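Undergrad: So I've got this file, work.cif, and it contains mmCIF, C-alpha atoms and all ligand atoms; chains and numbers go by the auth columns:
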data_my_file
#
loop_
_atom_site.group_PDB
_atom_site.id
_atom_site.type_symbol
_atom_site.label_atom_id
_atom_site.label_comp_id
_atom_site.label_asym_id
_atom_site.label_seq_id
_atom_site.Cartn_x
_atom_site.Cartn_y
_atom_site.Cartn_z
_atom_site.B_iso_or_equiv
_atom_site.auth_seq_id
_atom_site.auth_asym_id
ATOM 1 C CA MET A 1 66.878 11.481 119.523 0.00 242 A
ATOM 2 C CA ARG A 2 66.560 8.620 121.977 0.00 243 A
ATOM 3 C CA ILE A 3 66.898 9.348 125.682 0.00 244 A
ATOM 4 C CA ASP A 4 67.195 6.637 128.343 0.00 245 A
ATOM 5 C CA ILE A 5 67.090 7.468 132.044 0.00 246 A
ATOM 6 C CA VAL A 6 68.228 5.047 134.771 0.00 247 A
ATOM 7 C CA THR A 7 67.059 5.892 138.302 0.00 248 A
ATOM 8 C CA ILE A 8 65.762 4.282 141.501 0.00 249 A
ATOM 9 C CA PHE A 9 62.866 6.787 141.342 0.00 250 A
ATOM 10 C CA PRO A 10 61.317 6.230 137.871 0.00 251 A
ATOM 11 C CA GLU A 11 58.078 7.862 138.962 0.00 252 A
ATOM 12 C CA PHE A 12 60.041 11.101 139.292 0.00 253 A
ATOM 13 C CA PHE A 13 60.016 11.469 135.497 0.00 254 A
ATOM 14 C CA GLY A 14 56.250 11.198 135.039 0.00 255 A
ATOM 15 C CA VAL A 15 56.230 14.935 134.439 0.00 256 A
ATOM 16 C CA LEU A 16 57.983 14.338 131.103 0.00 257 A
ATOM 17 C CA ASP A 17 54.636 13.092 129.775 0.00 258 A
ATOM 18 C CA VAL A 18 53.223 16.623 129.819 0.00 259 A
ATOM 19 C CA SER A 19 53.882 19.947 128.123 0.00 260 A
ATOM 20 C CA LEU A 20 56.371 20.521 125.345 0.00 261 A
ATOM 21 C CA LEU A 21 58.414 17.384 125.889 0.00 262 A
ATOM 22 C CA GLY A 22 55.245 15.312 126.266 0.00 263 A
ATOM 23 C CA ARG A 23 54.051 16.493 122.853 0.00 264 A
ATOM 24 C CA ALA A 24 57.498 15.861 121.376 0.00 265 A
ATOM 25 C CA ARG A 25 57.329 12.287 122.677 0.00 266 A
ATOM 26 C CA GLN A 26 53.862 11.764 121.217 0.00 267 A
ATOM 27 C CA GLY A 27 55.107 13.262 117.948 0.00 268 A
ATOM 28 C CA GLY A 28 58.040 10.864 117.818 0.00 269 A
ATOM 29 C CA LEU A 29 60.632 13.664 118.020 0.00 270 A
ATOM 30 C CA LEU A 30 61.884 12.454 121.390 0.00 271 A
ATOM 31 C CA ASP A 31 62.028 8.710 122.133 0.00 272 A
ATOM 32 C CA LEU A 32 62.279 8.761 125.924 0.00 273 A
ATOM 33 C CA HIS A 33 62.493 5.685 128.177 0.00 274 A
ATOM 34 C CA VAL A 34 62.751 5.553 131.987 0.00 275 A
ATOM 35 C CA HIS A 35 64.273 2.491 133.690 0.00 276 A
ATOM 36 C CA ASP A 36 64.275 1.410 137.348 0.00 277 A
ATOM 37 C CA LEU A 37 67.839 0.491 138.340 0.00 278 A
ATOM 38 C CA ARG A 38 66.453 -2.126 140.732 0.00 279 A
ATOM 39 C CA SER A 39 65.297 -4.119 137.679 0.00 280 A
ATOM 40 C CA TRP A 40 68.965 -5.148 137.351 0.00 281 A
ATOM 41 C CA THR A 41 69.454 -6.304 140.973 0.00 282 A
ATOM 42 C CA THR A 42 69.563 -10.010 141.733 0.00 283 A
ATOM 43 C CA ASP A 43 69.072 -10.226 145.509 0.00 284 A
ATOM 44 C CA ARG A 44 65.814 -10.536 147.414 0.00 285 A
ATOM 45 C CA HIS A 45 66.128 -6.985 148.793 0.00 286 A
ATOM 46 C CA ARG A 46 66.958 -5.481 145.377 0.00 287 A
ATOM 47 C CA THR A 47 70.058 -3.834 146.913 0.00 288 A
ATOM 48 C CA VAL A 48 71.686 -0.935 145.039 0.00 289 A
ATOM 49 C CA ASP A 49 74.002 0.524 147.706 0.00 290 A
ATOM 50 C CA ASP A 50 76.685 -0.471 150.183 0.00 291 A
ATOM 51 C CA THR A 51 79.124 1.132 152.648 0.00 292 A
ATOM 52 C CA PRO A 52 82.036 3.195 151.242 0.00 293 A
ATOM 53 C CA TYR A 53 85.568 1.732 151.198 0.00 294 A
ATOM 54 C CA GLY A 54 87.795 3.941 153.341 0.00 295 A
ATOM 55 C CA GLY A 55 84.907 4.748 155.667 0.00 296 A
ATOM 56 C CA GLY A 56 82.852 7.927 155.808 0.00 297 A
ATOM 57 C CA ALA A 57 79.209 8.785 156.134 0.00 298 A
ATOM 58 C CA GLY A 58 76.507 7.628 153.763 0.00 299 A
ATOM 59 C CA MET A 59 76.346 4.836 151.229 0.00 300 A
ATOM 60 C CA VAL A 60 77.708 4.368 147.704 0.00 301 A
ATOM 61 C CA MET A 61 75.791 2.857 144.791 0.00 302 A
ATOM 62 C CA LYS A 62 77.091 -0.617 143.907 0.00 303 A
ATOM 63 C CA PRO A 63 78.747 -1.051 140.476 0.00 304 A
ATOM 64 C CA GLU A 64 77.053 -4.328 139.512 0.00 305 A
ATOM 65 C CA PRO A 65 73.442 -3.128 139.001 0.00 306 A
ATOM 66 C CA TRP A 66 74.743 -0.115 137.057 0.00 307 A
ATOM 67 C CA ALA A 67 76.950 -2.249 134.814 0.00 308 A
ATOM 68 C CA GLU A 68 74.058 -4.638 134.103 0.00 309 A
ATOM 69 C CA ALA A 69 71.692 -1.740 133.346 0.00 310 A
ATOM 70 C CA LEU A 70 74.128 0.180 131.161 0.00 311 A
ATOM 71 C CA SER A 71 75.243 -2.965 129.328 0.00 312 A
ATOM 72 C CA SER A 72 71.668 -3.435 128.160 0.00 313 A
ATOM 73 C CA ILE A 73 71.059 0.248 127.330 0.00 314 A
ATOM 74 C CA LEU A 74 74.301 1.605 125.831 0.00 315 A
ATOM 75 C CA ARG A 75 74.593 0.957 122.105 0.00 316 A
ATOM 76 C CA SER A 76 77.224 -1.626 121.140 0.00 317 A
ATOM 77 C CA ASP A 77 78.676 0.648 118.432 0.00 318 A
ATOM 78 C CA GLY A 78 79.838 3.172 121.037 0.00 319 A
ATOM 79 C CA SER A 79 77.499 5.884 119.734 0.00 320 A
ATOM 80 C CA SER A 80 75.784 6.463 123.093 0.00 321 A
ATOM 81 C CA THR A 81 76.592 9.382 125.363 0.00 322 A
ATOM 82 C CA LEU A 82 76.321 8.672 129.077 0.00 323 A
ATOM 83 C CA VAL A 83 75.340 11.851 130.932 0.00 324 A
ATOM 84 C CA VAL A 84 76.145 11.681 134.645 0.00 325 A
ATOM 85 C CA PRO A 85 74.816 14.463 136.891 0.00 326 A
ATOM 86 C CA THR A 86 77.276 15.026 139.750 0.00 327 A
ATOM 87 C CA PRO A 87 78.322 17.896 142.036 0.00 328 A
ATOM 88 C CA ALA A 88 81.847 17.294 140.723 0.00 329 A
ATOM 89 C CA GLY A 89 80.926 17.682 137.055 0.00 330 A
ATOM 90 C CA THR A 90 81.498 20.288 134.349 0.00 331 A
ATOM 91 C CA PRO A 91 79.110 23.223 134.877 0.00 332 A
ATOM 92 C CA PHE A 92 76.124 22.719 132.557 0.00 333 A
ATOM 93 C CA ARG A 93 75.684 25.644 130.170 0.00 334 A
ATOM 94 C CA GLN A 94 73.758 26.433 126.989 0.00 335 A
ATOM 95 C CA THR A 95 76.815 25.600 124.885 0.00 336 A
ATOM 96 C CA ILE A 96 76.759 22.060 126.324 0.00 337 A
ATOM 97 C CA ALA A 97 72.986 21.823 125.787 0.00 338 A
ATOM 98 C CA ARG A 98 73.514 22.708 122.121 0.00 339 A
ATOM 99 C CA SER A 99 76.247 20.103 121.804 0.00 340 A
ATOM 100 C CA LEU A 100 74.198 17.353 123.476 0.00 341 A
ATOM 101 C CA ALA A 101 71.221 18.170 121.224 0.00 342 A
ATOM 102 C CA GLU A 102 73.329 16.917 118.284 0.00 343 A
ATOM 103 C CA HIS A 103 73.739 13.439 119.810 0.00 344 A
ATOM 104 C CA GLU A 104 71.573 10.524 118.683 0.00 345 A
ATOM 105 C CA HIS A 105 71.420 8.650 122.013 0.00 346 A
ATOM 106 C CA LEU A 106 71.689 10.130 125.509 0.00 347 A
ATOM 107 C CA VAL A 107 71.668 7.897 128.595 0.00 348 A
ATOM 108 C CA PHE A 108 71.219 9.600 131.977 0.00 349 A
ATOM 109 C CA ALA A 109 72.646 7.837 135.054 0.00 350 A
ATOM 110 C CA CYS A 110 70.822 9.317 138.053 0.00 351 A
ATOM 111 C CA GLY A 111 72.715 8.505 141.222 0.00 352 A
ATOM 112 C CA ARG A 112 71.546 8.762 144.811 0.00 353 A
ATOM 113 C CA TYR A 113 73.173 8.344 148.247 0.00 354 A
ATOM 114 C CA GLU A 114 76.771 9.667 148.041 0.00 355 A
ATOM 115 C CA GLY A 115 77.044 8.795 144.378 0.00 356 A
ATOM 116 C CA ILE A 116 77.915 5.835 142.161 0.00 357 A
ATOM 117 C CA ASP A 117 81.057 3.644 142.457 0.00 358 A
ATOM 118 C CA ALA A 118 83.651 5.515 140.354 0.00 359 A
ATOM 119 C CA ARG A 119 84.629 2.323 138.465 0.00 360 A
ATOM 120 C CA VAL A 120 81.274 2.373 136.681 0.00 361 A
ATOM 121 C CA PHE A 121 82.325 5.443 134.679 0.00 362 A
ATOM 122 C CA GLU A 122 85.809 4.071 133.978 0.00 363 A
ATOM 123 C CA TRP A 123 84.121 0.955 132.592 0.00 364 A
ATOM 124 C CA ALA A 124 81.423 2.924 130.716 0.00 365 A
ATOM 125 C CA ALA A 125 84.076 5.114 129.058 0.00 366 A
ATOM 126 C CA THR A 126 85.327 2.018 127.195 0.00 367 A
ATOM 127 C CA ARG A 127 81.959 1.666 125.444 0.00 368 A
ATOM 128 C CA SER A 128 80.474 5.205 125.334 0.00 369 A
ATOM 129 C CA THR A 129 81.236 8.881 125.715 0.00 370 A
ATOM 130 C CA VAL A 130 80.889 9.826 129.380 0.00 371 A
ATOM 131 C CA VAL A 131 79.902 13.419 130.253 0.00 372 A
ATOM 132 C CA GLU A 132 79.813 14.371 133.936 0.00 373 A
ATOM 133 C CA LEU A 133 77.710 17.511 134.491 0.00 374 A
ATOM 134 C CA SER A 134 77.015 19.776 137.463 0.00 375 A
ATOM 135 C CA LEU A 135 73.818 21.827 137.532 0.00 376 A
ATOM 136 C CA GLY A 136 75.503 24.439 139.739 0.00 377 A
ATOM 137 C CA ASP A 137 77.553 24.943 142.859 0.00 378 A
ATOM 138 C CA TYR A 138 74.993 23.572 145.296 0.00 379 A
ATOM 139 C CA VAL A 139 74.190 20.055 146.472 0.00 380 A
ATOM 140 C CA LEU A 140 71.105 18.074 145.478 0.00 381 A
ATOM 141 C CA ASN A 141 70.054 14.710 146.945 0.00 382 A
ATOM 142 C CA GLY A 142 70.423 12.883 143.662 0.00 383 A
ATOM 143 C CA GLY A 143 70.791 13.191 139.937 0.00 384 A
ATOM 144 C CA GLU A 144 67.099 13.275 138.968 0.00 385 A
ATOM 145 C CA VAL A 145 66.490 17.047 139.257 0.00 386 A
ATOM 146 C CA ALA A 146 69.704 17.762 137.345 0.00 387 A
ATOM 147 C CA ALA A 147 68.820 15.197 134.675 0.00 388 A
ATOM 148 C CA MET A 148 65.365 16.747 134.276 0.00 389 A
ATOM 149 C CA ALA A 149 66.897 20.190 133.745 0.00 390 A
ATOM 150 C CA VAL A 150 69.408 18.892 131.187 0.00 391 A
ATOM 151 C CA ILE A 151 66.709 16.892 129.361 0.00 392 A
ATOM 152 C CA GLU A 152 64.466 19.955 129.119 0.00 393 A
ATOM 153 C CA ALA A 153 67.292 22.276 127.992 0.00 394 A
ATOM 154 C CA VAL A 154 68.465 19.738 125.378 0.00 395 A
ATOM 155 C CA GLY A 155 65.027 18.463 124.341 0.00 396 A
ATOM 156 C CA ARG A 156 63.759 21.933 123.437 0.00 397 A
ATOM 157 C CA LEU A 157 66.683 22.365 121.022 0.00 398 A
ATOM 158 C CA VAL A 158 65.757 19.262 119.020 0.00 399 A
ATOM 159 C CA PRO A 159 64.345 20.491 115.681 0.00 400 A
ATOM 160 C CA GLY A 160 60.547 20.502 115.708 0.00 401 A
ATOM 161 C CA VAL A 161 60.131 20.355 119.479 0.00 402 A
ATOM 162 C CA VAL A 162 59.681 24.103 119.894 0.00 403 A
ATOM 163 C CA GLY A 163 56.981 25.369 117.500 0.00 404 A
ATOM 164 C CA ASN A 164 58.745 28.541 116.441 0.00 405 A
ATOM 165 C CA PRO A 165 62.546 27.986 116.153 0.00 406 A
ATOM 166 C CA GLU A 166 62.915 31.779 115.999 0.00 407 A
ATOM 167 C CA SER A 167 62.042 31.882 119.703 0.00 408 A
ATOM 168 C CA LEU A 168 65.189 29.868 120.458 0.00 409 A
ATOM 169 C CA VAL A 169 67.437 32.512 118.976 0.00 410 A
ATOM 170 C CA GLU A 170 66.599 35.518 121.171 0.00 411 A
ATOM 171 C CA GLU A 171 67.005 33.825 124.514 0.00 412 A
ATOM 172 C CA SER A 172 69.279 34.315 127.437 0.00 413 A
ATOM 173 C CA HIS A 173 72.669 32.718 126.850 0.00 414 A
ATOM 174 C CA GLU A 174 71.871 31.890 123.222 0.00 415 A
ATOM 175 C CA ASP A 175 74.107 34.732 121.989 0.00 416 A
ATOM 176 C CA GLY A 176 76.245 34.860 125.113 0.00 417 A
ATOM 177 C CA LEU A 177 74.120 37.662 126.630 0.00 418 A
ATOM 178 C CA LEU A 178 71.130 37.693 128.967 0.00 419 A
ATOM 179 C CA GLU A 179 67.757 38.328 127.353 0.00 420 A
ATOM 180 C CA TYR A 180 66.181 41.790 127.067 0.00 421 A
ATOM 181 C CA PRO A 181 63.107 42.634 129.205 0.00 422 A
ATOM 182 C CA SER A 182 59.763 41.686 127.589 0.00 423 A
ATOM 183 C CA TYR A 183 56.407 43.468 127.759 0.00 424 A
ATOM 184 C CA THR A 184 52.841 42.857 126.564 0.00 425 A
ATOM 185 C CA LYS A 185 49.463 44.649 126.809 0.00 426 A
ATOM 186 C CA PRO A 186 48.371 46.888 128.485 0.00 427 A
ATOM 187 C CA ALA A 187 50.805 49.668 127.444 0.00 428 A
ATOM 188 C CA SER A 188 50.285 51.280 130.876 0.00 429 A
ATOM 189 C CA TRP A 189 49.824 49.111 133.956 0.00 430 A
ATOM 190 C CA ARG A 190 49.625 50.361 137.553 0.00 431 A
ATOM 191 C CA GLY A 191 51.371 53.577 136.493 0.00 432 A
ATOM 192 C CA LEU A 192 54.167 51.630 134.778 0.00 433 A
ATOM 193 C CA ASP A 193 54.536 52.231 131.038 0.00 434 A
ATOM 194 C CA VAL A 194 56.043 50.084 128.301 0.00 435 A
ATOM 195 C CA PRO A 195 59.199 51.814 126.930 0.00 436 A
ATOM 196 C CA ASP A 196 58.143 54.160 124.106 0.00 437 A
ATOM 197 C CA VAL A 197 60.613 52.681 121.620 0.00 438 A
ATOM 198 C CA LEU A 198 58.660 49.382 121.700 0.00 439 A
ATOM 199 C CA LEU A 199 55.500 51.230 120.641 0.00 440 A
ATOM 200 C CA SER A 200 57.302 53.119 117.855 0.00 441 A
ATOM 201 C CA GLY A 201 56.946 50.436 115.194 0.00 442 A
ATOM 202 C CA HIS A 202 60.539 51.261 114.174 0.00 443 A
ATOM 203 C CA HIS A 203 62.129 47.805 113.971 0.00 444 A
ATOM 204 C CA GLY A 204 65.684 49.098 113.746 0.00 445 A
ATOM 205 C CA ARG A 205 65.337 51.192 116.880 0.00 446 A
ATOM 206 C CA VAL A 206 63.613 48.316 118.701 0.00 447 A
ATOM 207 C CA ALA A 207 66.467 45.942 117.789 0.00 448 A
ATOM 208 C CA ALA A 208 69.091 48.468 118.926 0.00 449 A
ATOM 209 C CA TRP A 209 67.271 49.104 122.206 0.00 450 A
ATOM 210 C CA ARG A 210 66.909 45.374 122.895 0.00 451 A
ATOM 211 C CA HIS A 211 70.621 44.776 122.313 0.00 452 A
ATOM 212 C CA GLU A 212 71.510 47.685 124.620 0.00 453 A
ATOM 213 C CA GLN A 213 69.243 46.183 127.262 0.00 454 A
ATOM 214 C CA GLN A 214 70.921 42.787 126.852 0.00 455 A
ATOM 215 C CA VAL A 215 74.400 44.267 127.306 0.00 456 A
ATOM 216 C CA GLU A 216 73.349 46.432 130.271 0.00 457 A
ATOM 217 C CA ARG A 217 71.539 43.558 131.999 0.00 458 A
ATOM 218 C CA THR A 218 74.464 41.187 131.398 0.00 459 A
ATOM 219 C CA ARG A 219 76.979 43.754 132.683 0.00 460 A
ATOM 220 C CA ARG A 220 74.828 44.287 135.811 0.00 461 A
ATOM 221 C CA VAL A 221 73.820 40.695 136.600 0.00 462 A
ATOM 222 C CA ARG A 222 76.435 38.464 134.926 0.00 463 A
ATOM 223 C CA PRO A 223 79.631 40.442 134.148 0.00 464 A
ATOM 224 C CA ASP A 224 81.397 37.067 134.001 0.00 465 A
ATOM 225 C CA LEU A 225 79.656 36.366 130.693 0.00 466 A
ATOM 226 C CA LEU A 226 81.153 39.455 129.023 0.00 467 A
ATOM 227 C CA PRO A 227 84.504 39.190 127.197 0.00 468 A
ATOM 228 C CA ASP A 228 87.371 40.854 129.086 0.00 469 A
HETATM 229 C C1 LIG B . 80.168 13.879 147.935 0.00 501 A
HETATM 230 O O1 LIG B . 79.181 14.897 147.964 0.00 501 A
HETATM 231 C C2 LIG B . 77.938 14.548 147.533 0.00 501 A
HETATM 232 C C3 LIG B . 77.775 13.593 146.556 0.00 501 A
HETATM 233 C C4 LIG B . 76.463 13.247 146.152 0.00 501 A
HETATM 234 C C5 LIG B . 75.376 13.839 146.739 0.00 501 A
HETATM 235 C C6 LIG B . 73.985 13.460 146.373 0.00 501 A
HETATM 236 N N1 LIG B . 73.952 12.992 144.990 0.00 501 A
HETATM 237 C C7 LIG B . 73.915 11.684 144.628 0.00 501 A
HETATM 238 C C8 LIG B . 73.921 11.621 143.244 0.00 501 A
HETATM 239 C C9 LIG B . 73.942 12.943 142.747 0.00 501 A
HETATM 240 C C10 LIG B . 73.960 13.492 141.462 0.00 501 A
HETATM 241 C C11 LIG B . 74.037 14.868 141.317 0.00 501 A
HETATM 242 C C12 LIG B . 74.089 15.693 142.443 0.00 501 A
HETATM 243 C C13 LIG B . 74.233 17.150 142.288 0.00 501 A
HETATM 244 C C14 LIG B . 74.506 17.833 141.140 0.00 501 A
HETATM 245 C C15 LIG B . 74.616 19.183 141.499 0.00 501 A
HETATM 246 N N2 LIG B . 74.883 20.262 140.685 0.00 501 A
HETATM 247 N N3 LIG B . 74.410 19.251 142.799 0.00 501 A
HETATM 248 N N4 LIG B . 74.184 18.015 143.312 0.00 501 A
HETATM 249 C C16 LIG B . 74.044 15.162 143.730 0.00 501 A
HETATM 250 C C17 LIG B . 73.969 13.784 143.873 0.00 501 A
HETATM 251 C C18 LIG B . 75.551 14.807 147.700 0.00 501 A
HETATM 252 C C19 LIG B . 76.839 15.163 148.098 0.00 501 A
#
Once more with this new file: its structure as structure tokens, please.
Ligand SMILES: COc1ccc(Cn2ccc3ccc(-c4cc(N)[nH]n4)cc32)cc1
TA:
Amino acid sequence: MRIDIVTIFPEFFGVLDVSLLGRARQGGLLDLHVHDLRSWTTDRHRTVDDTPYGGGAGMVMKPEPWAEALSSILRSDGSSTLVVPTPAGTPFRQTIARSLAEHEHLVFACGRYEGIDARVFEWAATRSTVVELSLGDYVLNGGEVAAMAVIEAVGRLVPGVVGNPESLVEESHEDGLLEYPSYTKPASWRGLDVPDVLLSGHHGRVAAWRHEQQVERTRRVRPDLLPD
């Protein structure tokens, strides 16, 4: 999978050189490139924003630099998917992460200010698939944090990135339920004991207990995830 990120803060993504995704990049599993939007400006001040038509506070990102950047990054055969973090997007969930992990080329458009001129996405939709995503019902200052979260959630699903694919199966949201509580040594810690069933060595009972814990935790914390 190739991932391109366009941002006015390229240094923000330095962290993608470390940890799991860093190793995946070195191993050639993830081909990740970060671009500075200002590279596609033509004026002396490298301007990327201007005042909003219709008035209002803040500034809007100009369409021209974005069109120049995306024209040189989006694939000409229409196979690219443009991922646009925005407060007004579809809520990002594990189902979307799984779907995006199947795509060959993801391009992340990280806006700032009050967002990007809306015509950019109308134009981009004629040459790519455009997916507008919200990280949640709260407001960030730009798209970078959201893009980082989506890239990590998607990147870890790419075959080979996570050492043991089994560990991807029993995770929160993977089967529509929250994960069960996990424990490790010591069996007793500050007067708190690991549930006996986990020490029983009886795999069937352990599996049943873990599923019960998933359902109970989901019912308590996220009843919205349970079927009516
Ligand atoms: C019109 O209201 C606003 C419009 C934009 C902004 C700042 N901003 C600029 C680009 C950008 C991209 C994503 C997000 C974002 C995504 C989620 N889930 N929260 N916030 C925020 C973003 C603030 C408010």
Undergrad: Tell me which of A:Gly377, A:Pro400, A:Gly352, A:Pro422 sits closest to Leu270 (chain A), counting only C-alpha atoms.
TA: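 Between A:Gly377, A:Pro400, A:Gly352, A:Pro422, the residue approaching Leu270 (chain A) most closely is A:Pro400.
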Undergrad: Report as a VMD selection string all protein, DNA and RNA residues lying within 7 Å of region 362-373 of chain A, evaluated on all atoms listed in the file, omitting residues in the same chain fewer than 5 positions from it.
TA: chain A and resid 319 to 327 330 to 331
Undergrad: Do a neighbour search on region 247-249 of chain A at 8 Å with only C-alpha atoms, toss out local chain neighbours closer than 2 positions, and write the hits as a count of residues only.
TA: 14
Undergrad: Which residues form the shell of 10 Å around ligand LIG 501 (chain A) when you count all atoms listed in the file, given as a ChimeraX atom specification?
TA: /A:298-302,325-333,350-357,373-388
Undergrad: Please report the interatomic distance between CA of Leu409 (chain A) and CA of Ser260 (chain A) in Å with one decimal.
TA: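 Rounded to one decimal, the two atoms are 16.9 Å apart.
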Undergrad: Reconstruct N, CA and C atoms of region 436-455 of chain A; output as a compact mmCIF listing (two decimals), keeping the file's coordinate frame.
TA:
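Below is the file that was written, result.txt:
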# COMPACT_ATOMS: atom_id res chain seq x y z
N PRO A 436 58.28 50.85 127.56
CA PRO A 436 59.20 51.81 126.93
C PRO A 436 58.69 52.27 125.56
N ASP A 437 58.72 53.59 125.33
CA ASP A 437 58.14 54.16 124.11
C ASP A 437 58.69 53.52 122.83
N VAL A 438 59.99 53.21 122.85
CA VAL A 438 60.61 52.68 121.62
C VAL A 438 59.88 51.42 121.14
N LEU A 439 59.32 50.65 122.08
CA LEU A 439 58.66 49.38 121.70
C LEU A 439 57.30 49.63 121.07
N LEU A 440 56.81 50.87 121.24
CA LEU A 440 55.50 51.23 120.64
C LEU A 440 55.71 52.00 119.35
N SER A 441 57.02 52.22 119.00
CA SER A 441 57.30 53.12 117.86
C SER A 441 57.06 52.45 116.50
N GLY A 442 57.10 51.11 116.49
CA GLY A 442 56.95 50.44 115.19
C GLY A 442 58.21 50.54 114.35
N HIS A 443 59.27 51.11 114.93
CA HIS A 443 60.54 51.26 114.17
C HIS A 443 61.43 50.06 114.52
N HIS A 444 61.46 49.08 113.64
CA HIS A 444 62.13 47.80 113.97
C HIS A 444 63.62 47.98 114.26
N GLY A 445 64.24 48.88 113.54
CA GLY A 445 65.68 49.10 113.75
C GLY A 445 65.95 49.64 115.14
N ARG A 446 65.14 50.61 115.54
CA ARG A 446 65.34 51.19 116.88
C ARG A 446 65.02 50.16 117.97
N VAL A 447 63.99 49.36 117.71
CA VAL A 447 63.61 48.32 118.70
C VAL A 447 64.78 47.34 118.86
N ALA A 448 65.35 46.92 117.74
CA ALA A 448 66.47 45.94 117.79
C ALA A 448 67.65 46.54 118.54
N ALA A 449 67.94 47.82 118.27
CA ALA A 449 69.09 48.47 118.93
C ALA A 449 68.83 48.58 120.43
N TRP A 450 67.61 48.97 120.79
CA TRP A 450 67.27 49.10 122.21
C TRP A 450 67.37 47.76 122.91
N ARG A 451 66.87 46.72 122.28
CA ARG A 451 66.91 45.37 122.90
C ARG A 451 68.35 44.91 123.11
N HIS A 452 69.22 45.18 122.14
CA HIS A 452 70.62 44.78 122.31
C HIS A 452 71.27 45.55 123.46
N GLU A 453 70.97 46.87 123.51
CA GLU A 453 71.51 47.68 124.62
C GLU A 453 71.05 47.13 125.97
N GLN A 454 69.79 46.73 126.01
CA GLN A 454 69.24 46.18 127.26
C GLN A 454 69.94 44.87 127.63
N GLN A 455 70.23 44.07 126.59
CA GLN A 455 70.92 42.79 126.85
C GLN A 455 72.30 43.05 127.46
